[in-house]
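Structure data (TSV, C-alpha atoms) from query-v2.tsv:
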chain	number	residue	atom	x	y	z
N	1	MET	CA	88.96	102.63	87.43
N	2	ASP	CA	86.93	103.68	90.45
N	3	MET	CA	86.87	101.40	93.51
N	4	LYS	CA	83.08	101.71	93.67
N	5	ASP	CA	82.87	100.13	90.23
N	6	VAL	CA	85.40	97.47	91.22
N	7	ARG	CA	83.38	96.52	94.29
N	8	LYS	CA	80.10	96.52	92.35
N	9	THR	CA	81.51	94.18	89.71
N	10	ALA	CA	83.14	91.97	92.34
N	11	LYS	CA	79.81	91.61	94.15
N	12	GLU	CA	78.16	90.47	90.93
N	13	ARG	CA	80.95	88.07	90.00
N	14	MET	CA	81.36	86.61	93.51
N	15	LYS	CA	77.67	86.10	94.23
N	16	GLY	CA	77.25	83.10	96.49
N	17	TYR	CA	80.90	83.21	97.56
N	18	CYS	CA	81.42	86.73	98.93
N	19	ARG	CA	78.75	89.30	99.80
N	20	MET	CA	81.17	92.24	99.58
N	21	CYS	CA	79.91	93.48	102.94
N	22	PRO	CA	80.52	97.18	103.70
N	23	ILE	CA	82.47	96.00	106.76
N	24	CYS	CA	84.37	92.81	105.92
N	25	ASP	CA	84.42	91.21	109.37
N	26	GLY	CA	83.40	87.61	108.69
N	27	ARG	CA	80.01	87.77	110.39
N	28	ALA	CA	77.92	87.05	107.31
N	29	CYS	CA	80.17	84.27	106.01
N	30	SER	CA	80.97	82.29	109.18
N	31	GLY	CA	81.76	78.69	108.37
N	32	GLU	CA	81.78	79.23	104.60
N	33	VAL	CA	84.94	77.31	103.74
N	34	PRO	CA	85.38	76.79	100.77
N	35	GLY	CA	84.41	80.36	100.07
N	36	MET	CA	85.70	83.56	101.64
N	37	GLY	CA	84.58	82.94	105.21
N	38	GLY	CA	86.25	81.82	108.40
N	39	LEU	CA	86.30	78.28	109.75
N	40	GLY	CA	83.53	77.04	112.03
N	41	THR	CA	82.04	79.85	114.09
N	42	GLY	CA	84.19	82.39	112.26
N	43	VAL	CA	85.56	83.71	115.56
N	44	ALA	CA	89.19	83.66	114.39
N	45	PHE	CA	88.28	85.71	111.29
N	46	ARG	CA	86.34	88.19	113.44
N	47	ASN	CA	89.15	88.35	116.00
N	48	ASN	CA	91.54	89.55	113.30
N	49	VAL	CA	89.21	92.43	112.44
N	50	THR	CA	88.14	93.38	115.96
N	51	ALA	CA	91.68	93.26	117.38
N	52	LEU	CA	92.93	95.67	114.73
N	53	LYS	CA	89.86	97.87	115.01
N	54	ALA	CA	90.51	98.26	118.76
N	55	VAL	CA	93.92	99.84	118.07
N	56	GLN	CA	93.55	103.64	118.19
N	57	LEU	CA	95.85	106.33	116.79
N	58	ASN	CA	97.16	109.48	118.45
N	59	MET	CA	96.46	112.48	116.23
N	60	ARG	CA	99.40	114.90	116.11
N	61	LEU	CA	99.58	118.00	113.93
N	62	LEU	CA	102.39	120.09	115.43
N	63	HIS	CA	105.08	118.83	113.05
N	64	ASP	CA	106.47	119.22	109.54
N	65	ALA	CA	105.64	115.76	108.13
N	66	THR	CA	103.48	117.13	105.32
N	67	GLU	CA	104.68	114.90	102.48
N	68	PRO	CA	105.41	111.46	103.98
N	69	ASP	CA	107.56	108.87	102.23
N	70	THR	CA	105.65	105.58	102.20
N	71	SER	CA	108.51	103.56	100.68
N	72	THR	CA	110.49	100.91	102.52
N	73	LYS	CA	113.19	98.28	102.08
N	74	ALA	CA	112.84	94.68	103.23
N	75	LEU	CA	114.03	91.24	102.13
N	76	GLY	CA	116.23	92.88	99.51
N	77	LEU	CA	113.21	94.62	97.96
N	78	ASP	CA	112.61	98.32	97.34
N	79	LEU	CA	108.87	98.81	97.84
N	80	SER	CA	106.70	101.88	97.34
N	81	LEU	CA	104.56	100.75	100.28
N	82	PRO	CA	105.17	98.32	103.17
N	83	VAL	CA	102.51	96.08	101.59
N	84	MET	CA	102.39	92.68	99.88
N	85	ALA	CA	99.49	90.78	98.35
N	86	ALA	CA	98.93	87.57	100.31
N	87	PRO	CA	99.12	84.14	98.65
N	88	ILE	CA	95.54	83.22	97.72
N	89	GLY	CA	94.34	80.86	95.02
N	90	GLY	CA	91.36	78.75	94.07
N	91	VAL	CA	89.19	81.27	92.24
N	92	SER	CA	86.76	78.58	91.08
N	93	PHE	CA	85.80	77.29	94.53
N	94	ASN	CA	86.59	80.31	96.73
N	95	MET	CA	85.54	83.29	94.60
N	96	GLY	CA	82.93	82.07	92.13
N	97	GLY	CA	85.05	81.39	89.06
N	98	ALA	CA	83.89	84.42	87.03
N	99	ILE	CA	87.49	84.97	85.96
N	100	SER	CA	90.10	82.29	85.34
N	101	GLU	CA	92.88	81.40	87.75
N	102	ASP	CA	95.42	82.71	85.23
N	103	ALA	CA	93.61	86.04	84.90
N	104	TYR	CA	93.41	86.34	88.67
N	105	ILE	CA	97.11	85.68	89.24
N	106	ASP	CA	98.12	88.00	86.40
N	107	ALA	CA	95.91	90.74	87.86
N	108	VAL	CA	97.38	90.51	91.36
N	109	LEU	CA	101.03	90.14	90.35
N	110	GLY	CA	100.83	92.62	87.48
N	111	GLY	CA	98.98	95.23	89.52
N	112	CYS	CA	101.47	94.93	92.37
N	113	LYS	CA	104.47	95.25	90.07
N	114	SER	CA	103.05	98.28	88.27
N	115	ARG	CA	102.59	100.06	91.60
N	116	GLY	CA	106.00	99.19	93.02
N	117	ILE	CA	105.13	96.42	95.44
N	118	ILE	CA	105.05	92.62	95.18
N	119	GLY	CA	102.45	89.89	95.28
N	120	ALA	CA	102.63	86.32	96.53
N	121	THR	CA	100.99	83.31	94.92
N	122	GLY	CA	99.19	80.41	96.50
N	123	ASP	CA	99.39	76.66	96.06
N	124	GLY	CA	96.79	73.92	96.07
N	125	VAL	CA	94.72	71.51	94.02
N	126	PRO	CA	93.51	71.08	91.29
N	127	PRO	CA	96.83	71.50	89.42
N	128	PHE	CA	95.68	74.62	87.55
N	129	ILE	CA	96.16	76.60	90.78
N	130	VAL	CA	99.88	76.00	91.01
N	131	ASP	CA	100.27	76.13	87.22
N	132	ALA	CA	98.71	79.61	87.13
N	133	ALA	CA	100.78	80.72	90.12
N	134	MET	CA	104.12	79.63	88.73
N	135	GLY	CA	103.25	80.78	85.24
N	136	GLY	CA	102.32	84.23	86.52
N	137	VAL	CA	105.59	84.70	88.39
N	138	LYS	CA	107.57	83.46	85.41
N	139	LYS	CA	105.81	85.93	83.07
N	140	LEU	CA	107.09	88.77	85.26
N	141	ASP	CA	110.67	87.44	85.31
N	142	GLY	CA	110.41	86.29	88.90
N	143	HIS	CA	108.62	89.33	90.34
N	144	GLY	CA	106.47	87.43	92.78
N	145	ILE	CA	106.75	85.21	95.84
N	146	PRO	CA	105.61	81.59	95.33
N	147	PHE	CA	104.26	80.00	98.51
N	148	ILE	CA	104.24	76.22	98.80
N	149	LYS	CA	101.94	74.40	101.18
N	150	PRO	CA	103.37	71.95	103.75
N	151	TRP	CA	102.83	68.83	101.64
N	152	ASP	CA	104.07	65.41	102.64
N	153	GLY	CA	106.62	63.33	100.75
N	154	ALA	CA	107.75	63.84	97.18
N	155	GLU	CA	105.07	66.41	96.37
N	156	LEU	CA	106.83	69.03	98.48
N	157	LYS	CA	110.08	68.73	96.51
N	158	GLU	CA	108.19	68.68	93.20
N	159	LYS	CA	106.37	71.91	94.06
N	160	PHE	CA	109.56	73.66	95.11
N	161	ASP	CA	111.25	72.60	91.88
N	162	LEU	CA	108.38	74.21	89.99
N	163	ALA	CA	108.76	77.33	92.09
N	164	PHE	CA	112.50	77.53	91.48
N	165	SER	CA	111.86	77.47	87.73
N	166	THR	CA	110.08	80.86	87.99
N	167	GLY	CA	113.26	82.79	88.73
N	168	ALA	CA	111.85	84.25	91.95
N	169	LYS	CA	114.24	85.48	94.63
N	170	ILE	CA	111.94	84.84	97.61
N	171	TYR	CA	109.93	81.71	98.45
N	172	GLY	CA	107.57	80.90	101.26
N	173	MET	CA	105.71	78.13	103.01
N	174	ASP	CA	102.33	78.73	104.64
N	175	VAL	CA	102.54	76.21	107.46
N	176	ASP	CA	99.29	77.77	108.69
N	177	ALA	CA	97.62	75.86	105.85
N	178	ALA	CA	98.15	72.61	107.75
N	179	GLY	CA	94.79	70.94	108.15
N	180	LEU	CA	92.91	72.96	105.52
N	181	ILE	CA	89.59	71.18	105.12
N	182	THR	CA	89.42	72.04	101.42
N	183	LEU	CA	92.55	69.99	100.77
N	184	ARG	CA	91.33	67.13	102.95
N	185	LYS	CA	88.14	66.99	100.92
N	186	MET	CA	90.27	66.67	97.78
N	187	GLY	CA	92.31	63.83	99.26
N	188	ARG	CA	95.50	65.88	99.45
N	189	PRO	CA	96.14	66.59	103.14
N	190	VAL	CA	98.89	68.87	104.41
N	191	SER	CA	100.50	68.70	107.82
N	192	PRO	CA	102.61	70.60	110.38
N	193	LYS	CA	106.38	70.53	109.86
N	194	PRO	CA	108.93	69.83	112.62
N	195	PRO	CA	111.83	72.31	112.82
N	196	VAL	CA	114.38	69.78	111.56
N	197	GLU	CA	112.40	69.27	108.36
N	198	LEU	CA	111.80	72.98	107.88
N	199	LYS	CA	115.51	73.66	108.23
N	200	LYS	CA	116.23	71.31	105.34
N	201	ILE	CA	113.70	73.19	103.20
N	202	ILE	CA	115.16	76.56	104.19
N	203	ASP	CA	118.68	75.35	103.44
N	204	MET	CA	117.49	74.17	100.02
N	205	VAL	CA	116.09	77.65	99.29
N	206	HIS	CA	119.26	79.35	100.53
N	207	GLU	CA	121.36	77.13	98.27
N	208	LYS	CA	119.47	78.73	95.38
N	209	GLY	CA	120.59	82.15	96.60
N	210	ALA	CA	117.03	83.01	97.61
N	211	LYS	CA	115.22	84.01	100.81
N	212	PHE	CA	112.60	82.08	102.74
N	213	ILE	CA	109.40	83.27	104.45
N	214	LEU	CA	107.67	81.13	107.08
N	215	LYS	CA	103.97	82.00	107.24
N	216	GLY	CA	101.78	81.02	110.16
N	217	VAL	CA	103.69	82.09	113.28
N	218	MET	CA	101.41	83.12	116.16
N	219	THR	CA	103.59	82.67	119.25
N	220	VAL	CA	106.89	84.03	120.53
N	221	ASP	CA	108.46	80.60	120.90
N	222	GLU	CA	107.77	79.69	117.26
N	223	ALA	CA	109.09	83.07	116.10
N	224	GLU	CA	112.31	82.33	117.97
N	225	LYS	CA	112.38	78.83	116.49
N	226	ALA	CA	112.06	80.34	113.00
N	227	ILE	CA	115.24	82.32	113.65
N	228	GLU	CA	117.05	79.22	114.88
N	229	ILE	CA	116.29	77.28	111.70
N	230	GLY	CA	117.36	80.13	109.45
N	231	ALA	CA	114.13	81.67	108.11
N	232	ASP	CA	114.58	85.16	106.67
N	233	ALA	CA	111.07	86.30	107.54
N	234	ILE	CA	107.95	85.22	109.38
N	235	VAL	CA	104.33	86.07	108.69
N	236	VAL	CA	102.27	86.48	111.84
N	237	SER	CA	99.12	84.86	110.51
N	238	ASN	CA	96.23	82.57	111.45
N	239	HIS	CA	95.47	81.93	107.74
N	240	GLY	CA	92.65	84.44	107.70
N	241	GLY	CA	90.77	82.52	110.39
N	242	ARG	CA	90.34	79.59	108.01
N	243	VAL	CA	92.16	76.81	109.87
N	244	LEU	CA	91.75	77.11	113.66
N	245	ASP	CA	88.53	78.36	115.16
N	246	HIS	CA	88.90	80.65	118.20
N	247	ALA	CA	92.48	81.69	117.43
N	248	PRO	CA	93.40	85.21	118.59
N	249	GLY	CA	93.65	88.11	116.18
N	250	THR	CA	97.09	88.77	114.71
N	251	ALA	CA	97.12	92.35	116.06
N	252	THR	CA	96.76	90.84	119.54
N	253	VAL	CA	99.85	88.63	119.32
N	254	LEU	CA	102.04	90.84	117.12
N	255	PRO	CA	103.45	93.20	119.80
N	256	ALA	CA	104.88	90.40	121.95
N	257	ILE	CA	106.41	88.72	118.91
N	258	ALA	CA	107.93	92.02	117.76
N	259	ASP	CA	109.35	92.68	121.23
N	260	ALA	CA	111.05	89.29	121.15
N	261	VAL	CA	112.46	89.08	117.62
N	262	LYS	CA	112.36	92.42	115.79
N	263	GLY	CA	115.77	93.16	114.30
N	264	LYS	CA	116.62	89.46	114.18
N	265	ILE	CA	114.18	88.47	111.43
N	266	CYS	CA	111.83	90.33	109.07
N	267	ILE	CA	108.33	90.48	110.57
N	268	ILE	CA	105.35	90.43	108.22
N	269	VAL	CA	101.73	90.32	109.39
N	270	ASP	CA	98.31	89.76	107.87
N	271	GLY	CA	94.78	89.42	109.18
N	272	GLY	CA	91.90	91.91	109.09
N	273	VAL	CA	93.81	94.59	107.16
N	274	ARG	CA	91.33	96.52	105.03
N	275	ASP	CA	92.86	99.94	104.33
N	276	GLY	CA	95.93	102.14	104.61
N	277	VAL	CA	95.13	103.12	108.20
N	278	ASP	CA	95.20	99.44	109.15
N	279	VAL	CA	98.60	99.16	107.44
N	280	LEU	CA	99.91	102.01	109.61
N	281	LYS	CA	98.55	100.34	112.74
N	282	MET	CA	100.29	97.05	111.97
N	283	ILE	CA	103.61	98.82	111.30
N	284	ALA	CA	103.24	100.68	114.62
N	285	LEU	CA	102.56	97.36	116.40
N	286	GLY	CA	105.90	96.01	115.16
N	287	ALA	CA	105.57	94.67	111.62
N	288	GLU	CA	107.93	95.65	108.80
N	289	LEU	CA	105.60	94.55	106.01
N	290	VAL	CA	101.85	93.97	105.87
N	291	MET	CA	100.19	91.24	103.79
N	292	ILE	CA	96.66	91.86	102.59
N	293	GLY	CA	94.44	89.02	101.41
N	294	ARG	CA	90.68	89.32	100.82
N	295	PRO	CA	90.68	92.97	99.60
N	296	PHE	CA	93.24	92.10	96.91
N	297	SER	CA	91.10	89.15	95.83
N	298	GLN	CA	88.00	91.31	95.63
N	299	ALA	CA	89.86	93.97	93.62
N	300	ALA	CA	91.26	91.37	91.20
N	301	VAL	CA	87.90	89.70	90.61
N	302	GLY	CA	86.14	93.06	90.31
N	303	GLY	CA	88.57	94.82	88.00
N	304	GLU	CA	91.49	92.50	87.19
N	305	GLN	CA	94.79	94.41	86.98
N	306	GLU	CA	93.10	97.83	86.86
N	307	GLY	CA	91.13	96.90	89.96
N	308	VAL	CA	94.28	95.87	91.81
N	309	GLU	CA	96.00	99.09	90.79
N	310	ALA	CA	93.00	101.13	91.97
N	311	PHE	CA	93.08	99.35	95.33
N	312	ILE	CA	96.81	100.00	95.77
N	313	ASP	CA	96.30	103.67	94.85
N	314	GLN	CA	93.60	103.86	97.50
N	315	LEU	CA	95.88	102.23	100.08
N	316	THR	CA	98.63	104.72	99.24
N	317	ALA	CA	96.33	107.72	99.70
N	318	GLN	CA	94.96	106.37	103.00
N	319	LEU	CA	98.39	105.53	104.38
N	320	THR	CA	99.79	108.91	103.37
N	321	GLN	CA	96.95	110.77	105.06
N	322	ALA	CA	97.27	108.69	108.22
N	323	MET	CA	101.02	109.36	108.35
N	324	VAL	CA	100.43	113.11	108.05
N	325	LEU	CA	97.87	113.04	110.85
N	326	THR	CA	100.14	111.05	113.18
N	327	GLY	CA	103.35	112.94	112.40
N	328	CYS	CA	105.23	110.19	110.58
N	329	GLN	CA	107.57	111.35	107.81
N	330	THR	CA	108.87	107.85	106.94
N	331	ILE	CA	107.89	104.25	107.56
N	332	ASP	CA	110.93	103.88	109.81
N	333	SER	CA	109.58	106.69	112.01
N	334	VAL	CA	106.35	104.79	112.72
N	335	GLY	CA	106.28	103.31	116.23
N	336	ARG	CA	104.04	102.63	119.18
N	337	HIS	CA	104.17	106.28	120.20
N	338	ILE	CA	101.46	106.88	117.58
N	339	LEU	CA	99.13	104.37	119.26
N	340	TYR	CA	96.80	105.52	122.00
N	341	GLY	CA	97.68	103.89	125.32
N	342	MET	CA	100.85	102.17	124.00
N	343	THR	CA	104.30	103.67	124.46
N	344	LYS	CA	106.76	100.74	124.46
Would you mind writing the file out in C-alpha cells?
Amino acid sequence: MDMKDVRKTAKERMKGYCRMCPICDGRACSGEVPGMGGLGTGVAFRNNVTALKAVQLNMRLLHDATEPDTSTKALGLDLSLPVMAAPIGGVSFNMGGAISEDAYIDAVLGGCKSRGIIGATGDGVPPFIVDAAMGGVKKLDGHGIPFIKPWDGAELKEKFDLAFSTGAKIYGMDVDAAGLITLRKMGRPVSPKPPVELKKIIDMVHEKGAKFILKGVMTVDEAEKAIEIGADAIVVSNHGGRVLDHAPGTATVLPAIADAVKGKICIIVDGGVRDGVDVLKMIALGAELVMIGRPFSQAAVGGEQEGVEAFIDQLTAQLTQAMVLTGCQTIDSVGRHILYGMTK
C-alpha cells in the first residue's frame, strides 16, 4: 500500500476531525479538542513541531557507514527501529469514527508487531476504548503496552487488573493526561499523582514481573523523582500539546533531562515526530526510544494494518538514509556530534 493512498483515504475518513495537512504543525486545528488539535491556542502542539524542526543535522560522507543497523534493545525488547506507537484511543470522537476502535487498535498493534516494533494502547471512556485496547494486546499474546490514565480511587486498580490480564510485560501511566478536558466533559476526571502513590503502583507492576513507564515528564526534577520511585522508563511528553497550553516543545527540554538521567532510566520521547529524520534527531538529543502519535493514527485510519506497515516502512527508509548521511552505523553510535551547533 502506498502512503499517498493511505493519506488520501485518511483525509476522507477523518473529515471534520483532521485535515491531513501537508505539514502537521497544529496551526489549522488549534483548540480542536476533542479532535486531533492542540489545547487552547495550540502553542504547545506547535512548540513540539517547531522545536524539533529547529534541530539541524551535520552531513558527513567520509565514512564507511553504508548499510546502517536501525535495530536497538530497550526495556527487554529487541526492536527493528527505536520507535513505538504512542497510546492513542477514542477513534469515534477524535478521528471521525470511520473505522471501529477494535479495528484501529488491531491495525496499530498488528502493524507494529509485523514490522518488529511495539505499539502502546490508550485508556479512556466510553468503556469500548479500554475494552478494545486490552482485547488487542491479548490477541497478540501480550505484544503491546497498555497505558492506564491517572484515575482516582477504585477505577485505577480495576483498570490495571484488566491490563494485567493481557499478558503484557510492560505497562505505563500517562500522568500527562491529568486534566484532559474530554474526560472532564464525560464526568470522569483524572488527576496528578504524588510520588508516594505512584511508587505503590510501580511496586504493584513490578510484583507482576513487568516493567513500568511513566509518561509525561517534562522537567529534570521529575525525571529524577521517577528514578527514586522505581520507574523503568520515562516518556518526555506534553501529551501532544493537548493538556497545557504554552508548554515547551519536548525537543527543547529533552537534552537537559538526558544529561541528568541517561543511563539511570530508559528515556523515551514523543512530540512533533513526523518522519525517520525526526527519529534520528530525538535519538541524538538523548532519547533511547521515540514514540510517534498522530502519524500512526492517520496511517491506521487510512489503511488499517497495511497503512501502519507502510508508514513503518517509510520511517525505516528515512531513518536509514539519514544515518548514512550523518555517518551513523548503529543507533548506539548516534549522538549530539551529528547535530549542528551541539557537541555535548
Set the distance at 9 Å and use all atoms listed in the file: which residues neighbour segment 278-288 of chain N once local chain neighbours fewer than 5 positions away are removed? I'd like the list as a PyMOL selection string.
chain N and resi 52-53+55-57+72-74+82-83+236+251+254-259+262+266-270+272-273+315+319+322-323+331-332+334-339
Using only C-alpha atoms, which residues sit within 12 Å of Lys208 of chain N once same-chain residues fewer than 5 positions away are excluded, as a list in words?
Phe160, Asp161, Ala163, Phe164, Ser165, Gly167, Ala168, Lys169, Ile170, Tyr171, Ile201, Ile202 and Asp203 of chain N
One decimal, Å: what's the distance from atom CA of Asp221 of chain N over to atom CA of Lys149 of chain N, could you say?
21.7 Å
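Atom CA of Ala51 of chain N is positioned 23.3 Å from atom CA of Ala317 of chain N.
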Rounded to one decimal in Å, what is the spacing between atom CA of Ala247 of chain N and atom CA of Gly97 of chain N?
29.3 Å
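For the set N:Arg13, N:Ala226, N:Ser333, N:Thr166, the residue with the smallest atom-to-atom gap to Ile99 of chain N is N:Arg13, counting only C-alpha atoms.
Among the candidate residues N:Val130, N:Gly110, N:His239, N:Lys11, the one lying nearest to His143 of chain N is N:Gly110, with distances computed using only C-alpha atoms.
Among the candidates N:Gly209, N:Pro146, N:Gly271, N:Pro68, the residue lying nearest to Gly327 of chain N is N:Pro68 (atoms considered: all atoms listed in the file).
Proximity of N:Val253, N:Gly263, N:Val33, N:Gly136 to Phe93 of chain N, computed with all atoms listed in the file, is greatest for N:Val33.
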